[in-house]
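The structure file entry.cif is reproduced below (mmCIF, C-alpha atoms).
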```cif
data_protein
loop_
_atom_site.label_atom_id
_atom_site.label_comp_id
_atom_site.auth_asym_id
_atom_site.auth_seq_id
_atom_site.Cartn_x
_atom_site.Cartn_y
_atom_site.Cartn_z
CA MET Z 1295 -40.49 4.79 -1.71
CA ASN Z 1296 -41.73 5.86 1.71
CA ARG Z 1297 -39.12 6.05 4.42
CA PHE Z 1298 -39.27 4.04 7.57
CA LEU Z 1299 -38.56 5.66 10.91
CA PRO Z 1300 -34.94 6.86 11.20
CA TYR Z 1301 -32.68 3.92 11.83
CA LEU Z 1302 -30.38 3.53 14.77
CA PHE Z 1303 -26.76 2.56 14.12
CA CYS Z 1304 -25.00 1.94 17.44
CA ILE Z 1305 -21.70 0.42 18.45
CA CYS Z 1306 -22.94 -3.13 18.13
CA CYS Z 1307 -23.97 -2.23 14.55
CA TRP Z 1308 -27.70 -3.14 14.66
CA SER Z 1309 -29.73 -1.01 12.27
CA VAL Z 1310 -33.16 -0.64 10.74
CA PHE Z 1311 -33.26 0.96 7.30
CA SER Z 1312 -35.15 1.27 4.04
CA GLN Z 1313 -33.77 0.79 0.54
CA ASP Z 1314 -33.36 4.54 0.01
CA GLU Z 1315 -31.09 4.95 3.04
CA ASP Z 1316 -27.46 3.90 3.16
CA PRO Z 1317 -27.28 1.13 5.80
CA ASP Z 1318 -23.66 1.98 6.75
CA LEU Z 1319 -22.49 -1.62 6.59
CA PHE Z 1320 -18.81 -2.34 6.94
CA THR Z 1321 -16.36 -5.21 7.18
CA LEU Z 1322 -13.26 -5.73 9.26
CA ASP Z 1323 -10.56 -7.98 7.89
CA ALA Z 1324 -7.19 -9.29 9.04
CA ASN Z 1325 -4.42 -10.74 6.85
CA MET Z 1326 -1.20 -12.39 7.91
CA PHE Z 1327 1.57 -12.19 5.29
CA TYR Z 1328 4.97 -13.68 4.49
CA GLY Z 1329 7.23 -12.75 1.60
CA THR Z 1330 10.50 -11.36 0.32
CA ILE Z 1331 12.10 -7.99 -0.39
CA LEU Z 1332 12.57 -7.53 -4.14
CA GLU Z 1333 16.06 -6.53 -5.27
CA HIS Z 1334 14.99 -3.63 -7.50
CA ASN Z 1335 18.35 -1.98 -6.85
CA PRO Z 1336 21.66 -3.84 -6.24
CA ASP Z 1337 22.55 -1.22 -3.62
CA ILE Z 1338 20.09 -2.84 -1.17
CA SER Z 1339 21.24 -6.45 -1.68
CA HIS Z 1340 22.88 -6.52 1.75
CA LEU Z 1341 19.50 -5.70 3.35
CA ILE Z 1342 17.78 -8.81 1.95
CA THR Z 1343 18.64 -11.48 4.51
CA ASP Z 1344 15.35 -13.19 5.41
CA HIS Z 1345 11.62 -13.30 4.66
CA PRO Z 1346 9.60 -10.38 6.06
CA SER Z 1347 6.30 -11.12 7.76
CA GLY Z 1348 3.52 -9.08 9.28
CA LEU Z 1349 -0.13 -8.22 9.65
CA ILE Z 1350 -2.66 -6.08 7.72
CA LEU Z 1351 -5.79 -4.91 9.57
CA SER Z 1352 -8.54 -3.11 7.62
CA TYR Z 1353 -11.85 -1.31 7.97
CA ASN Z 1354 -13.93 -1.34 4.76
CA LYS Z 1355 -17.07 0.77 4.27
CA LYS Z 1356 -19.44 -1.04 1.89
CA THR Z 1357 -21.27 0.73 -0.93
CA TYR Z 1358 -24.48 -0.36 -2.63
CA GLY Z 1359 -25.29 2.38 -5.11
CA PHE Z 1360 -26.97 4.93 -2.86
CA LYS Z 1361 -24.66 7.49 -4.47
CA ASP Z 1362 -24.22 7.68 -8.25
CA TRP Z 1363 -20.46 7.15 -8.27
CA GLU Z 1364 -20.73 3.82 -6.44
CA SER Z 1365 -22.45 1.91 -9.26
CA ARG Z 1366 -20.06 3.57 -11.73
CA TYR Z 1367 -17.21 1.55 -10.20
CA ASN Z 1368 -19.09 -1.69 -9.44
CA TYR Z 1369 -19.77 -0.76 -5.80
CA PRO Z 1370 -16.25 -0.47 -4.33
CA ASP Z 1371 -15.34 -0.28 -0.64
CA TRP Z 1372 -13.40 2.59 0.85
CA GLY Z 1373 -11.62 2.42 4.16
CA PHE Z 1374 -8.52 2.53 6.30
CA SER Z 1375 -5.82 -0.01 7.03
CA PHE Z 1376 -2.85 -0.62 9.31
CA ILE Z 1377 0.26 -2.63 8.50
CA TYR Z 1378 2.86 -4.02 10.84
CA GLN Z 1379 5.88 -5.44 9.03
CA ASP Z 1380 8.98 -7.07 10.46
CA MET Z 1381 11.60 -6.54 7.75
CA LYS Z 1382 13.68 -9.43 9.17
CA ASN Z 1383 16.88 -7.46 8.87
CA GLU Z 1384 18.72 -5.87 11.77
CA PHE Z 1385 19.48 -2.71 9.80
CA LEU Z 1386 15.91 -2.18 8.51
CA GLY Z 1387 14.02 -2.89 11.75
CA GLU Z 1388 10.22 -2.83 11.76
CA ASN Z 1389 7.65 -0.67 9.97
CA TYR Z 1390 4.22 0.55 11.11
CA GLY Z 1391 1.91 2.12 8.52
CA LEU Z 1392 -1.50 3.83 8.35
CA TYR Z 1393 -3.33 4.00 4.99
CA ALA Z 1394 -6.47 5.09 3.19
CA HIS Z 1395 -7.62 2.62 0.55
CA TYR Z 1396 -10.19 1.61 -2.05
CA ASN Z 1397 -11.28 -1.96 -2.80
CA PHE Z 1398 -12.47 -2.67 -6.36
CA TYR Z 1399 -14.29 -5.87 -7.30
CA PHE Z 1400 -14.15 -8.05 -10.42
CA LEU Z 1401 -15.25 -11.53 -11.58
CA ASN Z 1402 -18.65 -11.58 -9.89
CA ARG Z 1403 -17.08 -9.82 -6.86
CA ASN Z 1404 -14.77 -12.74 -6.15
CA LEU Z 1405 -11.58 -10.89 -7.13
CA ASN Z 1406 -10.71 -7.90 -4.97
CA PHE Z 1407 -8.10 -5.31 -5.97
CA ARG Z 1408 -7.00 -2.85 -3.29
CA ILE Z 1409 -4.85 0.23 -3.73
CA ALA Z 1410 -3.70 2.08 -0.60
CA GLN Z 1411 -1.62 5.15 0.15
CA GLY Z 1412 -0.34 6.23 3.55
CA ILE Z 1413 2.52 7.03 5.85
CA ALA Z 1414 4.76 4.63 7.74
CA TYR Z 1415 7.12 4.84 10.70
CA THR Z 1416 10.32 2.82 10.62
CA THR Z 1417 12.11 1.93 13.84
CA ASN Z 1418 15.68 1.90 12.52
CA PRO Z 1419 16.39 4.52 9.82
CA TYR Z 1420 19.79 5.48 8.44
CA ASP Z 1421 22.27 7.02 10.85
CA LYS Z 1422 25.80 7.81 9.68
CA TYR Z 1423 27.25 6.61 12.96
CA SER Z 1424 25.01 3.83 14.31
CA ASN Z 1425 23.19 2.52 11.22
CA PHE Z 1426 25.03 3.53 8.06
CA GLN Z 1427 24.19 0.14 6.53
CA ASN Z 1428 20.54 1.18 6.08
CA ASN Z 1429 20.75 3.01 2.76
CA ALA Z 1430 17.06 2.30 2.01
CA TYR Z 1431 15.39 4.66 4.53
CA GLY Z 1432 16.92 8.06 5.17
CA SER Z 1433 14.17 9.16 7.59
CA ASP Z 1434 11.93 7.58 10.21
CA LEU Z 1435 8.73 8.71 8.44
CA LEU Z 1436 8.15 7.15 5.02
CA SER Z 1437 5.65 7.46 2.23
CA SER Z 1438 4.11 4.04 1.67
CA THR Z 1439 1.88 2.43 -0.94
CA TYR Z 1440 0.55 -1.07 -1.18
CA VAL Z 1441 -1.55 -3.01 -3.67
CA MET Z 1442 -3.39 -6.23 -2.91
CA PHE Z 1443 -5.01 -8.84 -5.15
CA ASN Z 1444 -7.30 -11.11 -3.16
CA TYR Z 1445 -9.71 -13.92 -3.82
CA ARG Z 1446 -12.35 -12.80 -1.37
CA LYS Z 1447 -15.59 -14.41 -0.19
CA GLU Z 1448 -17.75 -12.48 2.26
CA ASN Z 1449 -20.53 -13.72 4.52
CA ILE Z 1450 -19.85 -17.42 4.04
CA TYR Z 1451 -21.33 -18.17 7.42
CA LYS Z 1452 -23.11 -15.62 9.60
CA GLY Z 1453 -21.06 -12.68 8.38
CA LEU Z 1454 -17.73 -14.50 8.42
CA GLY Z 1455 -15.69 -14.75 5.21
CA LEU Z 1456 -12.22 -15.67 3.97
CA ASN Z 1457 -9.63 -14.03 1.72
CA ALA Z 1458 -6.23 -14.93 0.31
CA GLY Z 1459 -3.91 -13.48 -2.30
CA ILE Z 1460 -0.75 -11.49 -2.98
CA SER Z 1461 0.39 -7.96 -2.12
CA ILE Z 1462 3.27 -5.58 -2.84
CA ILE Z 1463 4.24 -3.11 -0.10
CA HIS Z 1464 6.42 -0.11 -0.99
CA TYR Z 1465 8.30 2.16 1.44
CA SER Z 1466 10.18 5.29 0.39
CA ASN Z 1467 10.76 8.82 1.67
CA ALA Z 1468 10.80 10.16 -1.92
CA ASN Z 1469 14.11 11.99 -1.40
CA PHE Z 1470 12.78 13.92 1.56
CA ARG Z 1471 16.12 13.00 3.10
CA ALA Z 1472 19.03 10.98 1.70
CA PRO Z 1473 19.64 8.09 1.39
CA ASN Z 1474 16.50 6.84 -0.31
CA ASN Z 1475 16.84 3.53 -2.12
CA SER Z 1476 13.43 2.30 -0.82
CA THR Z 1477 12.11 -1.26 -0.51
CA ASN Z 1478 9.40 -3.27 -2.26
CA THR Z 1479 8.13 -6.39 -0.48
CA PHE Z 1480 6.25 -9.09 -2.37
CA VAL Z 1481 4.10 -11.15 0.00
CA PHE Z 1482 1.50 -13.90 0.14
CA ASN Z 1483 -1.37 -13.05 2.46
CA VAL Z 1484 -4.23 -15.04 3.96
CA GLY Z 1485 -6.92 -13.98 6.38
CA ALA Z 1486 -10.57 -13.60 7.31
CA ASN Z 1487 -13.23 -10.89 7.12
CA TYR Z 1488 -16.45 -10.20 8.99
CA LEU Z 1489 -19.48 -8.29 7.70
CA PHE Z 1490 -21.24 -6.49 10.56
CA ASN Z 1491 -25.05 -6.44 10.51
CA TYR Z 1492 -25.00 -8.96 7.66
CA GLU Z 1493 -28.71 -9.79 8.16
CA ASN Z 1494 -29.68 -6.39 6.76
CA GLU Z 1495 -27.44 -6.30 3.69
CA PRO Z 1496 -29.40 -4.64 0.83
CA GLU Z 1497 -29.44 -5.40 -2.88
CA PHE Z 1498 -27.15 -3.40 -5.15
CA ILE Z 1499 -28.90 -0.44 -6.73
CA ALA Z 1500 -28.53 -0.11 -10.50
CA SER Z 1501 -27.29 3.18 -11.90
CA SER Z 1502 -29.91 5.76 -12.85
CA GLU Z 1503 -27.40 8.08 -14.55
CA GLU Z 1504 -27.79 9.06 -18.17
CA LYS Z 1505 -25.08 7.51 -20.30
CA LYS Z 1506 -24.25 10.73 -22.12
CA PHE Z 1507 -22.01 13.15 -20.25
CA LYS Z 1508 -20.63 16.43 -21.55
CA GLU Z 1509 -18.44 19.07 -19.96
CA ASP Z 1510 -16.56 22.03 -21.42
CA ILE Z 1511 -12.78 22.23 -21.36
CA LYS Z 1512 -11.58 23.24 -17.89
CA TYR Z 1513 -8.46 25.24 -17.04
CA ASN Z 1514 -6.38 24.38 -13.96
CA LEU Z 1515 -3.80 26.34 -12.00
CA VAL Z 1516 -1.80 24.49 -9.30
CA PHE Z 1517 0.87 25.53 -6.80
CA ARG Z 1518 2.98 22.70 -5.34
CA THR Z 1519 5.69 22.72 -2.71
CA GLY Z 1520 7.63 20.55 -0.27
CA LEU Z 1521 11.13 19.65 0.91
CA ASN Z 1522 13.70 17.33 -0.61
CA GLU Z 1523 17.40 16.53 -0.70
CA SER Z 1524 19.75 15.32 -3.39
CA ASP Z 1525 21.20 11.82 -3.30
CA VAL Z 1526 24.38 13.21 -1.73
CA ILE Z 1527 23.98 12.61 2.00
CA ASP Z 1528 24.11 15.67 4.26
CA THR Z 1529 23.86 18.23 1.47
CA GLY Z 1530 20.73 19.44 3.23
CA GLN Z 1531 16.98 19.68 2.72
CA TYR Z 1532 15.66 22.55 0.66
CA PRO Z 1533 12.21 23.78 -0.36
CA PHE Z 1534 10.96 23.51 -3.91
CA TYR Z 1535 8.15 25.37 -5.68
CA ILE Z 1536 6.23 24.29 -8.77
CA ILE Z 1537 3.69 26.26 -10.74
CA SER Z 1538 1.53 24.21 -13.11
CA ALA Z 1539 -1.09 25.28 -15.63
CA TYR Z 1540 -3.05 22.86 -17.75
CA ALA Z 1541 -6.31 22.28 -19.59
CA ASP Z 1542 -8.40 19.16 -19.16
CA LYS Z 1543 -11.28 17.68 -21.12
CA ARG Z 1544 -13.69 15.12 -19.63
CA LEU Z 1545 -14.13 12.09 -21.87
CA ASN Z 1546 -16.90 10.67 -19.69
CA ARG Z 1547 -17.94 10.62 -16.03
CA LYS Z 1548 -14.79 8.72 -15.07
CA SER Z 1549 -11.94 10.14 -17.12
CA ALA Z 1550 -10.34 13.34 -18.36
CA ILE Z 1551 -7.22 13.99 -20.43
CA GLN Z 1552 -4.80 16.81 -19.64
CA VAL Z 1553 -2.25 18.97 -21.49
CA GLY Z 1554 -0.15 21.55 -19.70
CA ALA Z 1555 3.16 22.92 -18.46
CA ASP Z 1556 5.22 23.01 -15.23
CA VAL Z 1557 7.80 25.51 -14.01
CA PHE Z 1558 10.19 24.05 -11.41
CA PHE Z 1559 12.16 26.00 -8.80
CA SER Z 1560 14.17 23.29 -7.00
CA LYS Z 1561 16.64 24.70 -4.48
CA PHE Z 1562 18.23 21.31 -3.84
CA LEU Z 1563 19.41 21.34 -7.45
CA GLU Z 1564 21.04 24.74 -6.99
CA GLU Z 1565 22.95 23.34 -4.00
CA LEU Z 1566 23.88 20.15 -5.89
CA ILE Z 1567 25.31 22.19 -8.78
CA TYR Z 1568 27.40 24.22 -6.35
CA TYR Z 1569 28.58 21.06 -4.54
CA TYR Z 1570 29.72 19.38 -7.76
CA SER Z 1571 31.48 22.54 -8.94
CA VAL Z 1572 33.56 22.61 -5.74
CA ALA Z 1573 34.02 18.91 -4.89
CA PHE Z 1574 34.29 17.34 -8.34
CA PRO Z 1575 36.04 19.61 -10.85
CA GLU Z 1576 36.28 16.65 -13.25
CA PHE Z 1577 32.48 16.92 -13.76
CA ASP Z 1578 33.00 20.24 -15.64
CA VAL Z 1579 30.31 21.95 -13.58
CA THR Z 1580 31.00 25.68 -13.24
CA GLY Z 1581 28.45 26.42 -10.53
CA ASN Z 1582 26.73 29.03 -12.70
CA GLU Z 1583 24.33 26.62 -14.40
CA ASP Z 1584 20.65 27.55 -14.10
CA TRP Z 1585 18.81 25.25 -11.70
CA LYS Z 1586 15.31 26.13 -12.92
CA ARG Z 1587 13.44 23.84 -15.33
CA VAL Z 1588 10.33 24.07 -17.52
CA GLY Z 1589 8.37 21.04 -18.69
CA ILE Z 1590 5.33 20.22 -20.77
CA PHE Z 1591 3.15 17.20 -20.05
CA VAL Z 1592 0.15 15.12 -20.99
CA GLY Z 1593 -1.92 13.35 -18.38
CA HIS Z 1594 -5.03 11.47 -17.33
CA GLU Z 1595 -7.38 11.99 -14.39
CA LEU Z 1596 -9.64 9.27 -13.00
CA PHE Z 1597 -12.55 10.67 -10.97
CA ILE Z 1598 -13.80 8.63 -7.99
CA ASN Z 1599 -16.39 10.54 -5.99
CA LYS Z 1600 -14.61 13.64 -4.58
CA MET Z 1601 -11.22 12.02 -5.09
CA SER Z 1602 -9.30 11.57 -8.31
CA PHE Z 1603 -6.14 9.76 -9.35
CA ILE Z 1604 -3.78 11.54 -11.73
CA THR Z 1605 -0.96 10.28 -13.95
CA GLN Z 1606 1.21 12.63 -16.00
CA LEU Z 1607 4.16 12.20 -18.34
CA GLY Z 1608 6.34 15.23 -18.98
CA TYR Z 1609 9.34 16.43 -20.97
CA TYR Z 1610 11.67 19.30 -20.02
CA VAL Z 1611 11.77 21.90 -22.77
CA TYR Z 1612 14.05 24.18 -20.72
CA TYR Z 1613 16.79 21.98 -19.26
CA PRO Z 1614 20.04 23.86 -18.66
CA TYR Z 1615 21.50 21.30 -16.24
CA ASP Z 1616 21.35 17.56 -16.82
CA PHE Z 1617 19.68 15.87 -13.84
CA GLU Z 1618 18.16 12.37 -14.22
CA GLY Z 1619 17.14 12.92 -17.87
CA ARG Z 1620 14.60 15.07 -19.68
CA VAL Z 1621 11.55 12.81 -19.16
CA TYR Z 1622 9.65 12.95 -15.88
CA ASN Z 1623 6.42 11.49 -14.53
CA ARG Z 1624 3.94 12.31 -11.78
CA ILE Z 1625 1.30 10.20 -10.04
CA GLY Z 1626 -0.91 11.06 -7.10
CA LEU Z 1627 -4.26 11.95 -5.59
CA LYS Z 1628 -6.50 14.99 -5.71
CA ARG Z 1629 -9.33 15.84 -3.32
CA TYR Z 1630 -12.00 18.26 -4.54
CA PHE Z 1631 -13.64 20.77 -2.23
CA GLY Z 1632 -16.71 21.83 -4.14
CA ASP Z 1633 -16.60 22.08 -7.93
CA LYS Z 1634 -13.53 24.30 -8.34
CA PHE Z 1635 -10.95 23.97 -5.57
CA PHE Z 1636 -8.77 20.96 -4.78
CA GLY Z 1637 -5.81 19.76 -2.77
CA ALA Z 1638 -3.25 17.33 -4.16
CA MET Z 1639 -0.49 15.02 -3.01
CA THR Z 1640 1.69 13.70 -5.82
CA LEU Z 1641 5.00 11.94 -6.40
CA LYS Z 1642 7.29 13.35 -9.06
CA SER Z 1643 9.98 11.05 -10.40
CA HIS Z 1644 12.19 10.21 -13.34
CA GLY Z 1645 11.19 6.66 -14.18
CA ALA Z 1646 11.50 4.74 -10.90
CA LYS Z 1647 13.82 7.39 -9.42
CA ALA Z 1648 11.78 9.61 -7.08
CA GLU Z 1649 12.57 13.31 -6.83
CA ALA Z 1650 9.95 14.64 -4.40
CA VAL Z 1651 6.57 14.28 -2.75
CA GLU Z 1652 4.58 17.37 -3.73
CA PHE Z 1653 1.78 18.99 -1.72
CA GLY Z 1654 -0.41 21.27 -3.77
CA ILE Z 1655 -3.49 23.44 -3.91
CA GLY Z 1656 -5.31 24.38 -7.08
CA VAL Z 1657 -8.37 25.64 -8.86
CA ARG Z 1658 -10.28 24.15 -11.80
CA LEU Z 1659 -12.20 26.74 -13.81
#
```
Go through the file and emit its structure as structure tokens.
Amino acid sequence: MNRFLPYLFCICCWSVFSQDEDPDLFTLDANMFYGTILEHNPDISHLITDHPSGLILSYNKKTYGFKDWESRYNYPDWGFSFIYQDMKNEFLGENYGLYAHYNFYFLNRNLNFRIAQGIAYTTNPYDKYSNFQNNAYGSDLLSSTYVMFNYRKENIYKGLGLNAGISIIHYSNANFRAPNNSTNTFVFNVGANYLFNYENEPEFIASSEEKKFKEDIKYNLVFRTGLNESDVIDTGQYPFYIISAYADKRLNRKSAIQVGADVFFSKFLEELIYYYSVAFPEFDVTGNEDWKRVGIFVGHELFINKMSFITQLGYYVYYPYDFEGRVYNRIGLKRYFGDKFFGAMTLKSHGAKAEAVEFGIGVRL
């Protein structure tokens, strides 16, 4: 197809484009919400006193199949969002969060599923003198995730649309600093969306990819690090180091399975062992126990453009000191830079009990 003259996309979002150029269309949406904090842990029952409310504002970049991966996932949106949440509790205060997200569409694009990951600021974290009641947030910066299920109709009238549904908003500092009991808020949300430059919305482009996809087994080496603290308040933050090696095999363009091993060097665990040996002799901890651990794991990687979502389930084969059980899990995001190198941000936990947020770099060969 011949190209038209280069299109102009200015602040008022008017554009001229051909079907082989991405029109850069986007939507803005706003959702008001009202809900309740879920009592996932009885230790936070005193923090559930009223119904939290707030606002979600979002920018969503539309996709139409101009890149191969877009049709692979039924033309999702990617974008950024902001959440303001009044926790409606004097000890929890208010939270402000910034997120990156994907919107996936189902049921003739009427059902919208959003998954978002970001960082939040809380106005009233734990303080042992002035706010010891807040045992949910041990720091003012929190890791935050939210998921949203919306019935969504776009461009009902001149670009204006409506959406309504449910969301779950999670805040936790992943044991960066104790205490860390976290909160999960279940909310009902309702709002509106607006599609800019709606007059020039193109048709979706069908995939031209071959169905067959084959790739050799790849070998990965990852180094992860970060800071964390045990559940004992004021025992201090310590660095940890993790070396991971694993093989992965692509099943198709979307998915790969993984098998590998981790070696954990967690300094907080060394300090915790020493603390228990001194403060609680009834625990029969000598202080000489080895604080290093080795695990093996299986996992899955979901590839979305240059990003991927990983899930791993592991088991400690070298486990000299009992801490939260032998089974562990990891979820998180990877961002590829070229075909070989990647950065990663993952959450390691034991069931629902978080141990650390891990920042990593790696190579896939």
(Q) So that I can see what lies close to Z:Ile1604, please list as number ranges by chain the residues with an atom at most 10 Å from it, counting all atoms listed in the file and leaving out residues fewer than 5 positions away in the same chain. (A) Z: 1549-1552, 1593-1597, 1624-1628, 1638-1640
Q: Might you pull out every residue within 12 Å of stretch 1651-1657 of chain Z, with all atoms listed in the file counted and same-chain residues fewer than 3 positions away left off, and present them as a PyMOL selection string?
A: chain Z and resi 1413+1436-1438+1466-1471+1512-1523+1533-1541+1558+1560+1624-1643+1648
Apply the PyMOL selection byres ((chain Z and resi 1581-1585) around 10) to the file shown and report the selected residues as a PDB file with C-alpha atoms, in the coordinates of the input.
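Ended up saving to out12.pdb:
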```
ATOM      1  CA  PHE Z1558      10.190  24.050 -11.410  1.00  0.00           C
ATOM      2  CA  PHE Z1559      12.160  26.000  -8.800  1.00  0.00           C
ATOM      3  CA  SER Z1560      14.170  23.290  -7.000  1.00  0.00           C
ATOM      4  CA  LYS Z1561      16.640  24.700  -4.480  1.00  0.00           C
ATOM      5  CA  PHE Z1562      18.230  21.310  -3.840  1.00  0.00           C
ATOM      6  CA  LEU Z1563      19.410  21.340  -7.450  1.00  0.00           C
ATOM      7  CA  GLU Z1564      21.040  24.740  -6.990  1.00  0.00           C
ATOM      8  CA  GLU Z1565      22.950  23.340  -4.000  1.00  0.00           C
ATOM      9  CA  LEU Z1566      23.880  20.150  -5.890  1.00  0.00           C
ATOM     10  CA  ILE Z1567      25.310  22.190  -8.780  1.00  0.00           C
ATOM     11  CA  TYR Z1568      27.400  24.220  -6.350  1.00  0.00           C
ATOM     12  CA  TYR Z1569      28.580  21.060  -4.540  1.00  0.00           C
ATOM     13  CA  TYR Z1570      29.720  19.380  -7.760  1.00  0.00           C
ATOM     14  CA  SER Z1571      31.480  22.540  -8.940  1.00  0.00           C
ATOM     15  CA  VAL Z1572      33.560  22.610  -5.740  1.00  0.00           C
ATOM     16  CA  ASP Z1578      33.000  20.240 -15.640  1.00  0.00           C
ATOM     17  CA  VAL Z1579      30.310  21.950 -13.580  1.00  0.00           C
ATOM     18  CA  THR Z1580      31.000  25.680 -13.240  1.00  0.00           C
ATOM     19  CA  LYS Z1586      15.310  26.130 -12.920  1.00  0.00           C
ATOM     20  CA  ARG Z1587      13.440  23.840 -15.330  1.00  0.00           C
ATOM     21  CA  TYR Z1612      14.050  24.180 -20.720  1.00  0.00           C
ATOM     22  CA  TYR Z1613      16.790  21.980 -19.260  1.00  0.00           C
ATOM     23  CA  PRO Z1614      20.040  23.860 -18.660  1.00  0.00           C
ATOM     24  CA  TYR Z1615      21.500  21.300 -16.240  1.00  0.00           C
ATOM     25  CA  ASP Z1616      21.350  17.560 -16.820  1.00  0.00           C
ATOM     26  CA  PHE Z1617      19.680  15.870 -13.840  1.00  0.00           C
TER      27      PHE Z1617
END
```
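Candidate residues Z:Asp1316, Z:Asp1510, Z:Asp1362, Z:Glu1384 were compared for distance to Z:Ser1424, and the nearest is Z:Glu1384, using all atoms listed in the file.
Every residue that the PyMOL selection byres ((chain Z and resi 1341) around 8) selects in this file is listed here: Ile1338, Ser1339, His1340, Ile1342, Thr1343, Asn1383, Phe1385, Leu1386 and Asn1428 of chain Z.
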Written file, previous selection with C-alpha atoms, as a compact mmCIF listing (two decimals), in the frame of the given file:
```txt
# COMPACT_ATOMS: atom_id res chain seq x y z
CA ILE Z 1338 20.09 -2.84 -1.17
CA SER Z 1339 21.24 -6.45 -1.68
CA HIS Z 1340 22.88 -6.52 1.75
CA ILE Z 1342 17.78 -8.81 1.95
CA THR Z 1343 18.64 -11.48 4.51
CA ASN Z 1383 16.88 -7.46 8.87
CA PHE Z 1385 19.48 -2.71 9.80
CA LEU Z 1386 15.91 -2.18 8.51
CA ASN Z 1428 20.54 1.18 6.08
```
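You can rank Z:Tyr1532, Z:Phe1320, Z:Phe1398, Z:Trp1363 by their closest distance to Z:Asn1491 using only C-alpha atoms, and at the top of that list sits Z:Phe1320.
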Please identify all polymer residues lying at most 12 Å from the point (-17.1, 10.1, -14.9) (file coordinates), using all atoms listed in the file, and present the result as a compact mmCIF listing (two decimals) with C-alpha atoms, in the coordinates of the input.
```txt
# COMPACT_ATOMS: atom_id res chain seq x y z
CA ASP Z 1362 -24.22 7.68 -8.25
CA TRP Z 1363 -20.46 7.15 -8.27
CA GLU Z 1364 -20.73 3.82 -6.44
CA SER Z 1365 -22.45 1.91 -9.26
CA ARG Z 1366 -20.06 3.57 -11.73
CA TYR Z 1367 -17.21 1.55 -10.20
CA GLU Z 1503 -27.40 8.08 -14.55
CA GLU Z 1504 -27.79 9.06 -18.17
CA LYS Z 1505 -25.08 7.51 -20.30
CA LYS Z 1506 -24.25 10.73 -22.12
CA PHE Z 1507 -22.01 13.15 -20.25
CA LYS Z 1508 -20.63 16.43 -21.55
CA GLU Z 1509 -18.44 19.07 -19.96
CA LYS Z 1543 -11.28 17.68 -21.12
CA ARG Z 1544 -13.69 15.12 -19.63
CA LEU Z 1545 -14.13 12.09 -21.87
CA ASN Z 1546 -16.90 10.67 -19.69
CA ARG Z 1547 -17.94 10.62 -16.03
CA LYS Z 1548 -14.79 8.72 -15.07
CA SER Z 1549 -11.94 10.14 -17.12
CA ALA Z 1550 -10.34 13.34 -18.36
CA ILE Z 1551 -7.22 13.99 -20.43
CA GLU Z 1595 -7.38 11.99 -14.39
CA LEU Z 1596 -9.64 9.27 -13.00
CA PHE Z 1597 -12.55 10.67 -10.97
CA ILE Z 1598 -13.80 8.63 -7.99
CA ASN Z 1599 -16.39 10.54 -5.99
CA LYS Z 1600 -14.61 13.64 -4.58
CA MET Z 1601 -11.22 12.02 -5.09
CA SER Z 1602 -9.30 11.57 -8.31
```
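Between atom CA of Z:Leu1332 and atom CA of Z:Asn1429 the interatomic distance comes to 15.0 Å.
You can rank Z:Asn1406, Z:Ser1347, Z:Ser1375, Z:Gln1427 by their closest distance to Z:Tyr1328 using all atoms listed in the file, and at the top of that list sits Z:Ser1347.
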Q: For atom CA of Z:Gln1411 and atom CA of Z:Asn1354, determine how far apart the two atoms are, in Å to one decimal place.
A: 14.7 Å
Q) For this file, the PyMOL selection byres ((chain Z and resi 1492) around 8) selects which residues, as a ChimeraX atom specification? A) /Z:1319,1449,1452-1453,1489-1491,1493-1495
Please produce a file of those selected residues containing C-alpha atoms, as a CSV table (one decimal), keeping the file's coordinate frame.
```
chain,number,residue,atom,x,y,z
Z,1319,LEU,CA,-22.5,-1.6,6.6
Z,1449,ASN,CA,-20.5,-13.7,4.5
Z,1452,LYS,CA,-23.1,-15.6,9.6
Z,1453,GLY,CA,-21.1,-12.7,8.4
Z,1489,LEU,CA,-19.5,-8.3,7.7
Z,1490,PHE,CA,-21.2,-6.5,10.6
Z,1491,ASN,CA,-25.0,-6.4,10.5
Z,1493,GLU,CA,-28.7,-9.8,8.2
Z,1494,ASN,CA,-29.7,-6.4,6.8
Z,1495,GLU,CA,-27.4,-6.3,3.7
```
Need the shell around Z:Val1621: protein/DNA/RNA residues with any atom at most 10 Å away, counting all atoms listed in the file. Skip same-chain ones fewer than 4 positions apart. Format as a compact mmCIF listing (two decimals) with C-alpha atoms, keeping the file's coordinate frame?
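Output contents, as saved in around-v7.txt:
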```
# COMPACT_ATOMS: atom_id res chain seq x y z
CA GLY Z 1589 8.37 21.04 -18.69
CA ILE Z 1590 5.33 20.22 -20.77
CA PHE Z 1591 3.15 17.20 -20.05
CA LEU Z 1607 4.16 12.20 -18.34
CA GLY Z 1608 6.34 15.23 -18.98
CA TYR Z 1609 9.34 16.43 -20.97
CA TYR Z 1610 11.67 19.30 -20.02
CA VAL Z 1611 11.77 21.90 -22.77
CA SER Z 1643 9.98 11.05 -10.40
CA HIS Z 1644 12.19 10.21 -13.34
CA GLY Z 1645 11.19 6.66 -14.18
```
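Note that atom CA of Z:Asp1525 and atom CA of Z:Asn1478 are 19.2 Å apart.
Using all atoms listed in the file, the protein and nucleic acid residues lying no more than 6 Å from Z:Ile1409, apart from those fewer than 6 places from it along its own chain, are His1395, Tyr1396 and Val1441 of chain Z.
Residue nearest Z:Asn1404, chosen from Z:Asp1337, Z:Asp1556, Z:Glu1448, Z:Asp1344 and counting all atoms listed in the file: Z:Glu1448.
Of the listed residues Z:Ile1377, Z:Met1442, Z:Val1557, Z:Ile1527, the one whose atoms come nearest to Z:Asp1421 is Z:Ile1527, with distances taken using all atoms listed in the file.
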